[in-house]
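Undergrad: Got a structure for you, written out below as structure tokens; questions coming shortly.
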Amino acid sequence: MESNELIRELIERVAGDVGLIIYSLRPRREFTDEQMSEELGIEINDVRKALFALYELGLAEYRRKRDDETGWMEYYWKINYDKQNEVLRRELLKTKRKLEEKLEMEESSIYYICINGCVKISYEEAMEYNFMCPRCGSMLEYFDTSIIVEKVREEIEKIDEMLNSLK
Ligand SMILES: [Zn+2]
């Protein structure tokens, strides 16, 4: 997956459609949330929410200035396009860590599942239930995690490739 596609996915997940629209606009100059709201015809609260979500990601920054006429604090926003790869790298590493934890868990445990799909439990628990499903009473079956392990490994590999392509 290309990094532009990745960043769009991330922004959509964290800052929603409005965040994605603002980011895609590529505003050259600083702007206030009010200006952006007018330009896009989107509720100012939705614009603010999206901007603060972008800020949380590290993709936007702001400075505050008091408006001389109204006395209100105004937020002047800027989108940090140069932070894109840095943010992506951080998010990819976060996902990778989670996958590695999952991998470790799947590799180190033995699971049993109900043949009807009600439960997935550890070997110890399965013993306690005499290898019968606690919900429906059917037999419990050894659950082969090798497919999951393989999948998680592939996902980690993909993330490594993406990380390499960011360099
Ligand atoms: Zn069952």
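Identifiers for the structure tokens are assigned positionally: chains receive A, B, ... in sequence, residues are indexed from 1 per chain, and ligands are indexed from 1 in the order shown.
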Would you mind listing the residues within 10 Å of ligand 1, counting only C-alpha atoms and all ligand atoms, as a PyMOL selection string?
TA: chain A and resi 113-120+132-140
Undergrad: Any idea what's packed within 12 Å of Ile42 of chain A, counting only C-alpha atoms, ignoring anything in its chain fewer than 4 positions away? Could you give it as a PyMOL selection string?
TA: chain A and resi 17-19+21-22+33-38+46-50
Undergrad: Only N, CA and C atoms, please: the residues just picked out, written as a compact mmCIF listing (two decimals), in the first residue's frame.
TA:
```
# COMPACT_ATOMS: atom_id res chain seq x y z
N ASP A 17 -14.38 12.03 7.93
CA ASP A 17 -14.44 12.57 6.56
C ASP A 17 -13.99 14.03 6.52
N VAL A 18 -14.43 14.80 7.51
CA VAL A 18 -14.09 16.23 7.53
C VAL A 18 -12.57 16.40 7.63
N GLY A 19 -11.94 15.61 8.48
CA GLY A 19 -10.49 15.65 8.60
C GLY A 19 -9.81 15.36 7.27
N ILE A 21 -11.12 15.72 4.27
CA ILE A 21 -11.38 16.82 3.33
C ILE A 21 -10.40 17.97 3.58
N ILE A 22 -10.24 18.34 4.85
CA ILE A 22 -9.33 19.45 5.17
C ILE A 22 -7.90 19.10 4.75
N ASP A 33 -10.58 28.22 12.12
CA ASP A 33 -11.62 27.22 11.94
C ASP A 33 -12.86 27.82 11.28
N GLU A 34 -13.07 29.12 11.56
CA GLU A 34 -14.23 29.81 10.97
C GLU A 34 -14.09 29.90 9.44
N GLN A 35 -12.88 30.32 9.02
CA GLN A 35 -12.64 30.42 7.57
C GLN A 35 -12.85 29.07 6.89
N MET A 36 -12.31 28.03 7.52
CA MET A 36 -12.41 26.70 6.94
C MET A 36 -13.87 26.26 6.90
N SER A 37 -14.58 26.56 7.95
CA SER A 37 -16.00 26.20 8.01
C SER A 37 -16.78 26.87 6.89
N GLU A 38 -16.48 28.15 6.64
CA GLU A 38 -17.16 28.88 5.57
C GLU A 38 -16.78 28.33 4.20
N ASP A 46 -17.83 20.71 13.68
CA ASP A 46 -17.28 19.53 13.00
C ASP A 46 -15.87 19.82 12.49
N VAL A 47 -15.67 21.05 12.01
CA VAL A 47 -14.34 21.45 11.54
C VAL A 47 -13.37 21.44 12.71
N ARG A 48 -13.79 22.00 13.84
CA ARG A 48 -12.92 22.05 15.02
C ARG A 48 -12.57 20.65 15.50
N LYS A 49 -13.58 19.81 15.57
CA LYS A 49 -13.37 18.44 16.04
C LYS A 49 -12.32 17.74 15.16
N ALA A 50 -12.48 17.92 13.86
CA ALA A 50 -11.55 17.28 12.91
C ALA A 50 -10.14 17.86 13.07
```
Undergrad: Using only C-alpha atoms, which of A:Leu10, A:Val149, A:Gly41, A:Leu93 sits nearest Gly58 of chain A?
TA: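 Once distances to Gly58 of chain A are computed over only C-alpha atoms, the minimum belongs to A:Leu10.
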Undergrad: Counting only C-alpha atoms, which of A:Leu166, A:Ile147, A:Ile156, A:Ile79 gets nearest to Arg29 of chain A?
TA: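 Ranked by minimum distance to Arg29 of chain A, first place goes to A:Ile79.
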Undergrad: Mind listing the strand (DSSP E or B) residues of chain A, per DSSP on the backbone, as a count of residues only?
TA: 29
Undergrad: So what do you get for atom CA of Glu157 of chain A versus atom CA of Ser108 of chain A, distance-wise?
TA: 20.2 Å
Undergrad: Separation of atom CA of Thr145 of chain A and atom CA of Lys98 of chain A, in Å?
TA: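 Separation between atom CA of Thr145 of chain A and atom CA of Lys98 of chain A: 17.2 Å.
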Undergrad: Any idea what's packed within 7 Å of Ser122 of chain A, counting only C-alpha atoms, ignoring anything in its chain fewer than 5 positions away? Could you give it as a list in words?
TA: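 Returned residues: Ile110, Tyr111 and Tyr112 of chain A.
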